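Trainee: Below is the file input.cif, which contains mmCIF, C-alpha atoms and all ligand atoms.
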data_protein
loop_
_atom_site.label_atom_id
_atom_site.label_comp_id
_atom_site.auth_asym_id
_atom_site.auth_seq_id
_atom_site.Cartn_x
_atom_site.Cartn_y
_atom_site.Cartn_z
CA MET A 201 12.41 -4.70 23.68
CA LYS A 202 11.86 -1.92 26.20
CA ILE A 203 10.27 1.11 24.61
CA ALA A 204 11.54 4.46 25.92
CA ARG A 205 9.45 6.74 23.71
CA VAL A 206 7.23 7.04 20.65
CA THR A 207 7.26 10.12 18.43
CA LEU A 208 4.42 10.96 16.05
CA ARG A 209 5.01 13.38 13.21
CA GLN A 210 2.63 14.75 10.63
CA LEU A 211 4.33 15.51 7.34
CA ARG A 212 3.07 17.36 4.29
CA MET A 213 4.86 16.51 1.07
CA ARG A 214 4.03 17.66 -2.46
CA LEU A 215 3.73 14.97 -5.13
CA LYS A 216 5.44 15.67 -8.46
CA ALA A 217 2.05 15.54 -10.19
CA PRO A 218 -1.55 15.23 -8.97
CA PHE A 219 -2.72 11.61 -8.65
CA VAL A 220 -6.34 11.24 -9.79
CA THR A 221 -8.61 8.24 -9.09
CA SER A 222 -12.36 7.63 -9.36
CA PHE A 223 -12.66 8.88 -5.76
CA GLY A 224 -10.43 11.92 -5.60
CA SER A 225 -7.26 13.79 -6.46
CA PHE A 226 -4.03 14.24 -4.43
CA LEU A 227 -1.27 16.82 -4.78
CA ASP A 228 -0.18 17.73 -1.26
CA LYS A 229 -0.01 14.55 0.76
CA ASP A 230 -0.36 14.67 4.54
CA PHE A 231 0.65 11.53 6.42
CA LEU A 232 1.97 10.35 9.78
CA LEU A 233 5.31 8.82 10.64
CA VAL A 234 5.84 6.83 13.84
CA GLU A 235 9.26 6.50 15.46
CA VAL A 236 9.59 3.94 18.26
CA THR A 237 12.79 4.22 20.29
CA ASP A 238 14.01 1.62 22.77
CA THR A 239 15.99 2.19 25.97
CA ASP A 240 19.27 1.60 24.04
CA GLY A 241 18.41 4.50 21.71
CA THR A 242 17.65 2.37 18.64
CA SER A 243 14.69 3.60 16.55
CA GLY A 244 12.24 1.81 14.27
CA TRP A 245 10.01 3.59 11.76
CA GLY A 246 6.46 3.18 10.51
CA GLU A 247 4.17 5.16 8.22
CA SER A 248 0.42 5.57 8.31
CA VAL A 249 -1.13 5.34 4.83
CA ALA A 250 -4.31 7.16 5.90
CA PHE A 251 -5.13 10.18 3.73
CA SER A 252 -6.46 13.58 4.87
CA SER A 253 -10.01 12.69 3.81
CA PRO A 254 -11.90 9.41 4.26
CA TRP A 255 -12.22 8.61 0.52
CA TYR A 256 -10.35 5.35 0.26
CA SER A 257 -11.40 4.14 3.72
CA GLU A 258 -12.93 5.71 6.84
CA GLU A 259 -9.54 6.46 8.44
CA THR A 260 -7.86 9.86 8.16
CA VAL A 261 -4.60 11.45 9.33
CA LYS A 262 -6.51 13.02 12.20
CA THR A 263 -8.34 9.86 13.32
CA ASN A 264 -5.01 7.99 13.19
CA TRP A 265 -3.34 10.55 15.45
CA HIS A 266 -6.23 10.24 17.93
CA ILE A 267 -6.22 6.41 17.92
CA LEU A 268 -2.43 6.26 18.25
CA GLU A 269 -2.21 8.86 21.01
CA ASP A 270 -5.21 7.78 23.09
CA PHE A 271 -5.24 4.01 22.59
CA LEU A 272 -2.44 2.26 20.71
CA ILE A 273 0.62 3.93 22.22
CA PRO A 274 -0.75 3.38 25.77
CA ILE A 275 -1.30 -0.33 24.90
CA LEU A 276 2.29 -0.55 23.64
CA PHE A 277 3.61 1.00 26.86
CA LYS A 278 1.64 -1.40 29.09
CA GLU A 279 4.14 -4.27 28.89
CA PRO A 280 7.42 -5.08 27.13
CA VAL A 281 7.26 -6.54 23.61
CA ARG A 282 9.22 -9.73 22.98
CA HIS A 283 8.27 -10.04 19.34
CA PRO A 284 6.28 -7.72 17.02
CA GLU A 285 3.93 -10.63 16.23
CA GLU A 286 2.39 -10.08 19.69
CA LEU A 287 1.03 -6.69 18.74
CA SER A 288 -1.82 -7.68 16.44
CA ALA A 289 -3.40 -9.64 19.33
CA ARG A 290 -2.77 -6.76 21.76
CA PHE A 291 -4.39 -4.29 19.35
CA ALA A 292 -7.30 -6.62 18.49
CA PRO A 293 -9.71 -5.37 21.22
CA LEU A 294 -9.73 -2.06 19.32
CA ARG A 295 -12.10 -2.31 16.36
CA ARG A 296 -10.59 -1.63 12.91
CA ASN A 297 -8.43 1.54 12.67
CA ASN A 298 -6.07 -0.71 10.74
CA MET A 299 -3.87 2.03 9.27
CA ALA A 300 -3.16 3.43 12.75
CA LYS A 301 -2.35 -0.07 14.06
CA SER A 302 -0.13 -0.79 11.09
CA ALA A 303 1.90 2.42 11.47
CA LEU A 304 2.86 1.55 15.06
CA GLU A 305 3.28 -2.19 14.47
CA GLY A 306 5.49 -1.44 11.44
CA ALA A 307 7.78 0.76 13.54
CA VAL A 308 8.14 -2.04 16.12
CA TRP A 309 8.89 -4.59 13.35
CA ASP A 310 11.65 -2.31 12.03
CA LEU A 311 13.04 -1.83 15.54
CA TYR A 312 12.96 -5.59 16.15
CA ALA A 313 14.78 -6.35 12.88
CA ARG A 314 17.43 -3.67 13.53
CA ARG A 315 18.04 -5.01 17.02
CA SER A 316 18.44 -8.55 15.73
CA GLY A 317 20.74 -7.31 12.95
CA GLU A 318 18.67 -8.74 10.09
CA PRO A 319 16.82 -7.16 7.18
CA LEU A 320 13.08 -6.68 7.81
CA ALA A 321 12.41 -8.91 4.79
CA ALA A 322 14.34 -11.77 6.42
CA ALA A 323 12.65 -11.17 9.80
CA LEU A 324 9.32 -11.67 8.01
CA GLY A 325 10.55 -14.87 6.37
CA GLY A 326 11.14 -13.44 2.90
CA GLU A 327 13.85 -15.03 0.78
CA LYS A 328 13.80 -13.16 -2.54
CA ALA A 329 16.86 -11.08 -3.46
CA GLU A 330 14.80 -8.75 -5.66
CA ILE A 331 11.18 -8.06 -6.52
CA GLU A 332 9.38 -7.15 -9.74
CA VAL A 333 7.25 -4.03 -9.73
CA GLY A 334 4.67 -2.29 -11.89
CA ILE A 335 3.28 1.22 -11.84
CA SER A 336 -0.16 2.71 -11.25
CA ILE A 337 -1.19 5.60 -13.49
CA GLY A 338 -3.97 7.95 -12.37
CA ILE A 339 -6.81 9.24 -14.53
CA GLN A 340 -5.39 11.69 -17.11
CA PRO A 341 -6.90 14.77 -18.79
CA THR A 342 -6.83 13.03 -22.21
CA ILE A 343 -6.12 9.58 -23.68
CA THR A 344 -3.09 11.09 -25.45
CA ASP A 345 -1.64 12.08 -22.06
CA LEU A 346 -2.20 8.56 -20.80
CA LEU A 347 -0.58 6.93 -23.84
CA ARG A 348 2.46 9.17 -23.45
CA LEU A 349 2.85 8.19 -19.78
CA ILE A 350 2.48 4.48 -20.52
CA GLU A 351 5.12 4.78 -23.22
CA ARG A 352 7.49 6.42 -20.76
CA HIS A 353 6.92 4.02 -17.86
CA ALA A 354 7.07 0.94 -20.09
CA ALA A 355 10.42 2.22 -21.39
CA GLU A 356 11.59 2.64 -17.77
CA GLY A 357 11.08 -1.12 -17.41
CA TYR A 358 8.01 -1.38 -15.16
CA ARG A 359 6.68 -4.95 -15.35
CA ARG A 360 3.02 -4.04 -15.74
CA ILE A 361 0.94 -0.96 -16.19
CA LYS A 362 -2.13 -0.26 -14.08
CA VAL A 363 -4.64 2.24 -15.41
CA LYS A 364 -7.34 3.81 -13.25
CA ILE A 365 -10.84 3.59 -14.73
CA LYS A 366 -14.28 5.01 -13.90
CA PRO A 367 -17.59 5.27 -15.78
CA GLY A 368 -16.86 7.46 -18.81
CA TRP A 369 -13.12 6.68 -18.68
CA ASP A 370 -13.04 2.95 -19.26
CA ILE A 371 -13.78 0.88 -22.40
CA ASP A 372 -12.63 3.47 -24.95
CA VAL A 373 -9.52 4.16 -22.91
CA ILE A 374 -8.52 0.51 -22.50
CA LYS A 375 -9.26 -0.12 -26.16
CA GLU A 376 -6.91 2.68 -27.23
CA VAL A 377 -4.20 1.55 -24.81
CA ARG A 378 -4.40 -1.98 -26.22
CA ARG A 379 -4.31 -0.69 -29.81
CA HIS A 380 -1.03 1.14 -29.08
CA PHE A 381 0.46 -1.46 -26.73
CA PRO A 382 -0.88 -4.87 -27.83
CA ASP A 383 1.43 -6.89 -25.59
CA ILE A 384 2.13 -4.98 -22.37
CA PRO A 385 0.95 -6.59 -19.14
CA LEU A 386 -2.03 -4.34 -18.38
CA MET A 387 -4.67 -4.08 -15.65
CA ALA A 388 -7.42 -1.66 -14.62
CA ASP A 389 -8.36 -0.37 -11.14
CA ALA A 390 -11.88 1.04 -10.66
CA ASN A 391 -11.66 1.93 -6.95
CA SER A 392 -15.29 0.88 -6.43
CA ALA A 393 -16.74 3.05 -9.20
CA TYR A 394 -19.27 0.50 -10.56
CA ARG A 395 -22.35 -1.46 -9.44
CA LEU A 396 -23.41 -4.99 -10.32
CA GLY A 397 -25.86 -3.45 -12.80
CA ASP A 398 -22.79 -2.39 -14.84
CA ALA A 399 -21.81 -6.05 -15.41
CA ALA A 400 -22.50 -5.92 -19.16
CA ARG A 401 -20.22 -2.90 -19.53
CA LEU A 402 -17.48 -4.46 -17.41
CA LYS A 403 -17.79 -7.64 -19.48
CA GLU A 404 -16.67 -5.63 -22.53
CA LEU A 405 -13.26 -5.41 -20.84
CA ASP A 406 -12.86 -9.18 -21.32
CA ALA A 407 -11.87 -8.41 -24.94
CA TYR A 408 -8.62 -6.66 -23.94
CA ASN A 409 -6.57 -9.36 -22.23
CA LEU A 410 -6.26 -7.58 -18.88
CA MET A 411 -4.32 -9.32 -16.11
CA MET A 412 -7.16 -8.34 -13.76
CA ILE A 413 -9.78 -5.74 -12.87
CA GLU A 414 -9.18 -4.32 -9.40
CA GLN A 415 -12.08 -3.52 -7.05
CA PRO A 416 -14.78 -2.82 -9.65
CA LEU A 417 -17.70 -2.82 -7.14
CA ALA A 418 -18.46 -1.32 -3.72
CA PHE A 419 -15.63 -0.80 -1.22
CA ASP A 420 -17.32 -3.03 1.35
CA ASP A 421 -18.64 -5.76 -0.94
CA ILE A 422 -17.73 -9.40 -1.50
CA ILE A 423 -21.20 -10.70 -2.49
CA ASP A 424 -21.79 -8.79 -5.73
CA HIS A 425 -18.13 -9.29 -6.68
CA ALA A 426 -18.77 -13.07 -6.60
CA ALA A 427 -21.75 -12.63 -8.93
CA LEU A 428 -19.67 -10.41 -11.22
CA GLN A 429 -16.66 -12.77 -11.23
CA ALA A 430 -18.97 -15.59 -12.39
CA GLN A 431 -19.79 -13.49 -15.49
CA LEU A 432 -16.26 -12.28 -16.32
CA SER A 433 -13.32 -14.17 -17.75
CA THR A 434 -10.97 -11.40 -16.55
CA PRO A 435 -9.86 -12.13 -12.96
CA ILE A 436 -11.17 -9.78 -10.29
CA CYS A 437 -8.63 -8.51 -7.75
CA LEU A 438 -9.94 -7.18 -4.44
CA ASP A 439 -8.33 -4.18 -2.73
CA GLU A 440 -10.71 -2.06 -0.58
CA SER A 441 -12.90 -5.05 0.48
CA ILE A 442 -10.16 -7.05 2.24
CA HIS A 443 -9.19 -5.98 5.77
CA SER A 444 -8.07 -9.26 7.32
CA ALA A 445 -7.22 -12.90 6.68
CA GLU A 446 -10.84 -13.68 7.64
CA ASP A 447 -12.12 -11.33 4.91
CA ALA A 448 -9.76 -13.00 2.46
CA ARG A 449 -10.94 -16.50 3.45
CA LYS A 450 -14.58 -15.51 2.90
CA ALA A 451 -13.88 -13.83 -0.44
CA ILE A 452 -11.97 -16.90 -1.65
CA GLU A 453 -14.75 -19.24 -0.49
CA LEU A 454 -17.41 -17.15 -2.23
CA GLY A 455 -15.41 -16.82 -5.44
CA SER A 456 -15.41 -13.01 -5.16
CA CYS A 457 -11.90 -12.70 -6.62
CA LYS A 458 -9.03 -14.67 -8.13
CA ILE A 459 -6.27 -12.30 -6.97
CA ILE A 460 -5.75 -10.17 -3.83
CA ASN A 461 -3.97 -6.84 -3.48
CA ILE A 462 -2.33 -6.72 -0.03
CA LYS A 463 -1.79 -3.28 1.49
CA ILE A 464 -0.09 -3.47 4.87
CA GLY A 465 -1.98 -0.45 6.22
CA ARG A 466 -5.40 -1.60 5.04
CA VAL A 467 -5.07 -4.94 6.84
CA GLY A 468 -3.64 -3.63 10.13
CA GLY A 469 0.05 -4.41 9.77
CA LEU A 470 2.79 -6.73 8.58
CA THR A 471 1.68 -9.68 10.73
CA GLU A 472 -1.86 -9.70 9.27
CA ALA A 473 -0.47 -9.03 5.78
CA ARG A 474 1.67 -12.15 6.13
CA ARG A 475 -1.35 -14.17 7.34
CA ILE A 476 -3.27 -13.18 4.20
CA HIS A 477 -0.22 -14.04 2.11
CA ASP A 478 0.00 -17.51 3.74
CA LEU A 479 -3.71 -18.18 3.27
CA CYS A 480 -3.57 -17.15 -0.39
CA LEU A 481 -0.47 -19.26 -1.00
CA ASP A 482 -2.32 -22.30 0.43
CA ASN A 483 -5.32 -21.59 -1.79
CA GLY A 484 -3.49 -20.86 -5.04
CA ILE A 485 -4.52 -17.18 -5.02
CA PRO A 486 -1.71 -14.92 -6.32
CA VAL A 487 -1.11 -11.73 -4.33
CA TRP A 488 0.70 -8.47 -4.99
CA CYS A 489 1.56 -5.47 -2.84
CA GLY A 490 -0.57 -2.37 -3.36
CA GLY A 491 0.55 1.21 -2.83
CA MET A 492 -0.82 4.31 -1.11
CA LEU A 493 1.55 6.93 -2.55
CA GLU A 494 3.87 6.29 0.39
CA SER A 495 7.00 8.12 1.40
CA GLY A 496 10.20 6.08 1.57
CA ILE A 497 9.34 4.67 5.00
CA GLY A 498 6.10 3.01 3.90
CA ARG A 499 7.70 2.07 0.59
CA ALA A 500 10.50 0.21 2.41
CA HIS A 501 7.89 -1.79 4.36
CA ASN A 502 6.17 -2.68 1.07
CA ILE A 503 9.46 -3.89 -0.39
CA ALA A 504 10.10 -6.08 2.66
CA ILE A 505 6.69 -7.83 2.61
CA THR A 506 6.94 -8.38 -1.17
CA SER A 507 9.99 -10.60 -0.51
CA LEU A 508 7.57 -13.38 0.60
CA PRO A 509 7.14 -16.13 -2.01
CA GLY A 510 3.39 -15.71 -2.66
CA PHE A 511 3.86 -12.18 -4.04
CA THR A 512 4.09 -13.53 -7.57
CA LEU A 513 2.57 -10.57 -9.43
CA PRO A 514 4.29 -7.17 -9.83
CA GLY A 515 3.07 -4.67 -7.22
CA ASP A 516 2.50 -0.90 -7.25
CA THR A 517 5.79 -0.09 -5.47
CA ALA A 518 7.34 2.34 -7.97
CA ALA A 519 10.57 4.30 -7.51
CA SER A 520 10.77 7.22 -5.03
CA SER A 521 11.38 9.58 -7.96
CA ARG A 522 8.00 8.69 -9.48
CA TYR A 523 6.33 10.50 -6.56
CA TRP A 524 8.77 12.90 -4.90
CA GLU A 525 11.37 15.50 -5.86
CA GLN A 526 13.33 14.20 -2.89
CA ASP A 527 12.34 11.25 -0.72
CA ILE A 528 13.01 11.20 3.06
CA ILE A 529 15.17 8.05 2.99
CA ASP A 530 18.74 7.33 1.94
CA PRO A 531 19.25 5.73 -0.47
CA GLU A 532 15.98 6.44 -2.29
CA VAL A 533 14.05 3.50 -3.77
CA THR A 534 15.24 2.89 -7.31
CA VAL A 535 13.82 0.60 -9.98
CA GLU A 536 16.05 -0.98 -12.61
CA ASN A 537 14.54 -3.10 -15.35
CA GLY A 538 11.33 -3.22 -13.34
CA ARG A 539 13.14 -4.65 -10.32
CA ILE A 540 13.96 -3.45 -6.80
CA ARG A 541 16.75 -5.13 -4.86
CA ILE A 542 15.83 -6.24 -1.34
CA PRO A 543 18.21 -4.40 1.03
CA LYS A 544 20.70 -6.52 2.98
CA GLU A 545 21.12 -4.04 5.83
CA PRO A 546 19.30 -4.51 9.16
CA GLY A 547 15.70 -3.27 9.45
CA LEU A 548 14.14 -1.36 6.58
CA GLY A 549 17.54 -1.07 4.89
CA TYR A 550 16.88 2.57 3.97
CA GLU A 551 17.90 5.23 6.49
CA PRO A 552 15.35 7.92 7.40
CA VAL A 553 16.98 11.35 6.82
CA ARG A 554 16.00 13.53 9.76
CA ASN A 555 16.71 16.94 8.26
CA ARG A 556 14.61 16.10 5.19
CA MET A 557 11.78 14.87 7.40
CA ASP A 558 12.04 18.03 9.51
CA GLN A 559 11.55 20.19 6.41
CA HIS A 560 8.14 18.59 5.83
CA THR A 561 7.00 18.14 9.45
CA ILE A 562 4.01 20.29 10.41
CA ARG A 563 3.29 18.72 13.80
CA SER A 564 5.13 16.40 16.15
CA GLU A 565 4.75 15.01 19.65
CA THR A 566 6.69 12.58 21.83
CA TYR A 567 5.09 10.12 24.27
CA ARG A 568 6.80 8.30 27.14
CA PRO A 569 5.59 5.44 29.37
O1 LIG B 601 -6.42 1.78 -5.23
O2 LIG B 601 -4.44 1.08 -5.34
C1 LIG B 601 -5.23 2.00 -5.13
C2 LIG B 601 -3.36 5.30 -4.67
C3 LIG B 601 -4.10 5.87 -3.65
C4 LIG B 601 -5.18 5.19 -3.15
C5 LIG B 601 -5.54 3.94 -3.66
C6 LIG B 601 -4.80 3.36 -4.69
C7 LIG B 601 -3.70 4.07 -5.21
C8 LIG B 601 -2.88 3.59 -6.31
C9 LIG B 601 -1.48 4.10 -6.41
O3 LIG B 601 -3.29 2.87 -7.18
C10 LIG B 601 -0.48 3.17 -5.85
C11 LIG B 601 0.86 3.84 -5.67
O4 LIG B 601 1.49 4.19 -6.67
O5 LIG B 601 1.28 4.02 -4.51
MG MG B 602 -6.72 -0.23 -5.77
#
Would you mind giving the structure from this file in structure tokens?
Mentor:
Amino acid sequence: MKIARVTLRQLRMRLKAPFVTSFGSFLDKDFLLVEVTDTDGTSGWGESVAFSSPWYSEETVKTNWHILEDFLIPILFKEPVRHPEELSARFAPLRRNNMAKSALEGAVWDLYARRSGEPLAAALGGEKAEIEVGISIGIQPTITDLLRLIERHAAEGYRRIKVKIKPGWDIDVIKEVRRHFPDIPLMADANSAYRLGDAARLKELDAYNLMMIEQPLAFDDIIDHAALQAQLSTPICLDESIHSAEDARKAIELGSCKIINIKIGRVGGLTEARRIHDLCLDNGIPVWCGGMLESGIGRAHNIAITSLPGFTLPGDTAASSRYWEQDIIDPEVTVENGRIRIPKEPGLGYEPVRNRMDQHTIRSETYRP
């Protein structure tokens, strides 16, 4: 592939409803899109999942723009790319900044798949025809609001419900949810809101048959999680703590978790995401694909990686309409009976709609070798 240009865009899109977690609330979502165009005029698309503020991780929309403009795009332009798998090694001398790396690498993966006329899922080695998905529900004003939402999303067919928890919005909430929905596949995500000293409280959750508790302890911890997992019967799933296949190997060795949430952006791209998937498959650790409230571009990447066989648990990839009045891809992502069909068209299999993207673009710049 010979790259003729890379275009960065910053978009601002309003979510249908604010999304509240233990670390913050989102309504207007700013994010970056990357378009990589080759000398034949074919484009591939990637999305950065960095938020405006460094709450989930240290990266932001602004730091991603800087890292892409000043470092990653120049590295891409240095020599031709034969295969997108080369990029993770070429980006490796740059420490972390995984979401920035992933946005550019993802665009090159899409371009590669389009050029070779195969779906991105197939280019990654995925064989599933469809995937099962769940939904993540943010912290609500009242338990009644939460119960109403669960009722609705369960009726829509989502394969499992994830509820955000934090100190003061945890045991009583899960207890009520279980009382109303004794059998639904249910899990809780704490987004690092607890400390090991809260183990006794977290142990109370063992009574409610949760599929897992996601990231209960610090965002950068795998030591205390191992101590906690030894005390809980509920499996721990790590999200924020895992940035690479090496992190995953150490967490598995220590017994810090029994399940891993793979987010392509958090781990630096599709190639590293697949490495973690392969490692987990070898070690009997189920994985699922997390979400970052993505637009259709990032959502399409999530669908493609979930086609790999080790993604045995429903992910957070809900329908476009759960987030947006109108998504920027055609067709939009739809969920039927808790399932999304893997597209058969080349690349992402969802076409970016330029005039819709333009409506939300607040900054854009094009770079050439
Ligand atoms: O921890 O998985 C998380 C959203 C923003 C930041 C972190 C997380 C989430 C979600 C929502 O849980 C996933 C989604 O619906 O995209
Ligand atoms: Mg999470």
Trainee: Please, which residues in chain A fall within 8 Å of ligand MG 602 (chain B) when counting only C-alpha atoms and all ligand atoms, and what is the closest atom pair and distance in Å to one decimal for each, ordered by chain then residue number, as JSON lines?
Mentor:
{"residue": "A:Asp389", "atom": "CA", "partner": "B:MG602", "partner_atom": "MG", "distance": 5.6}
{"residue": "A:Ala390", "atom": "CA", "partner": "B:MG602", "partner_atom": "MG", "distance": 7.2}
{"residue": "A:Asn391", "atom": "CA", "partner": "B:MG602", "partner_atom": "MG", "distance": 5.5}
{"residue": "A:Glu414", "atom": "CA", "partner": "B:MG602", "partner_atom": "MG", "distance": 6.0}
{"residue": "A:Gln415", "atom": "CA", "partner": "B:MG602", "partner_atom": "MG", "distance": 6.4}
{"residue": "A:Leu438", "atom": "CA", "partner": "B:MG602", "partner_atom": "MG", "distance": 7.8}
{"residue": "A:Asp439", "atom": "CA", "partner": "B:MG602", "partner_atom": "MG", "distance": 5.2}
{"residue": "A:Glu440", "atom": "CA", "partner": "B:MG602", "partner_atom": "MG", "distance": 6.8}
{"residue": "A:Asn461", "atom": "CA", "partner": "B:MG602", "partner_atom": "MG", "distance": 7.5}
{"residue": "A:Gly490", "atom": "CA", "partner": "B:MG602", "partner_atom": "MG", "distance": 6.9}
{"residue": "A:Gly491", "atom": "CA", "partner": "B:MG602", "partner_atom": "MG", "distance": 8.0}
Trainee: Quick one: write out the picked residues with C-alpha atoms as a compact mmCIF listing (two decimals), in the frame of the given file?
Mentor:
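Result saved to selection33.txt:
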# COMPACT_ATOMS: atom_id res chain seq x y z
CA ASP A 389 -8.36 -0.37 -11.14
CA ALA A 390 -11.88 1.04 -10.66
CA ASN A 391 -11.66 1.93 -6.95
CA GLU A 414 -9.18 -4.32 -9.40
CA GLN A 415 -12.08 -3.52 -7.05
CA LEU A 438 -9.94 -7.18 -4.44
CA ASP A 439 -8.33 -4.18 -2.73
CA GLU A 440 -10.71 -2.06 -0.58
CA ASN A 461 -3.97 -6.84 -3.48
CA GLY A 490 -0.57 -2.37 -3.36
CA GLY A 491 0.55 1.21 -2.83
Trainee: Taking 5 positions as the minimum chain separation for residues in the same chain, which residues sit within 12 Å of Ala300 in chain A when counting all atoms listed in the file? Answer as an MDAnalysis selection string.
Mentor: chainID A and resid 208 231:234 246:251 258:273 288 291 294:295 305:307 464:469
Trainee: I want to know what sits within 8 Å of Thr512 in chain A, based on all atoms listed in the file, with residues of the same chain fewer than 2 positions away left out; could you give that as an MDAnalysis selection string?
Mentor: chainID A and resid 486:488 509:510 514
Trainee: I'd like the neighbourhood of Ala321 in chain A as JSON, numbers by chain, where a residue qualifies if any of its atoms comes within 7 Å (using all atoms listed in the file), though same-chain residues fewer than 3 positions away should be ignored.
Mentor: {"A": [324, 325, 326, 504, 505, 507]}
Trainee: Smallest atom-to-atom distance to Leu428 in chain A: which of A:Gln340, A:Ser316, A:Asn409, A:Ser456, using only C-alpha atoms?
Mentor: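 Result for the nearest residue to Leu428 in chain A: A:Ser456.
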Trainee: Just the number, please: distance in Å from CA of Ser252 in chain A to atom C6 of ligand LIG 601 (chain B), one decimal.
Mentor: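 Interatomic distance here is 14.1 Å.
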Trainee: So how many Å separate CA of Ala418 in chain A and CA of Thr434 in chain A, to one decimal?
Mentor: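 Interatomic distance here is 18.0 Å.
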Trainee: Identify, on the basis of all atoms listed in the file, every residue whose closest approach to Ile335 in chain A does not exceed 6 Å; exclude the query and any residue fewer than 2 positions from it along the same chain; express the result as a VMD selection string.
Mentor: chain A and resid 361 516 518
Trainee: For CA of Ile343 in chain A and CA of Leu405 in chain A, quote the distance in Å rounded to one decimal.
Mentor: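 Taking CA of Ile343 in chain A and CA of Leu405 in chain A, their separation equals 16.8 Å.
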Trainee: Between A:Val373, A:Ile413, A:Ala355, A:Ala426, which has the minimum distance to ligand LIG 601 (chain B) (counting only C-alpha atoms and all ligand atoms)?
Mentor: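 Using only C-alpha atoms and all ligand atoms, the shortest distance to ligand LIG 601 (chain B) belongs to A:Ile413.
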Trainee: Residues at most 12 Å from Ser225 in chain A, counting all atoms listed in the file, excluding those fewer than 5 positions away in the same chain, as number ranges by chain?
Mentor: A: 215, 217-220, 251-253, 255-256, 338-340, 493
Trainee: Here is a test: counting all atoms listed in the file, which residue of A:Leu320, A:Leu410, A:Leu349, A:Met557 is nearest to Lys375 in chain A?
Mentor: A:Leu410
Trainee: Point out the residue among A:Pro293, A:Gly334, A:Pro367, A:Gly241 with the least atom-to-atom distance to ligand LIG 601 (chain B), counting all atoms listed in the file.
Mentor: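 Of A:Pro293, A:Gly334, A:Pro367, A:Gly241, the one nearest ligand LIG 601 (chain B) is A:Gly334, counting all atoms listed in the file.
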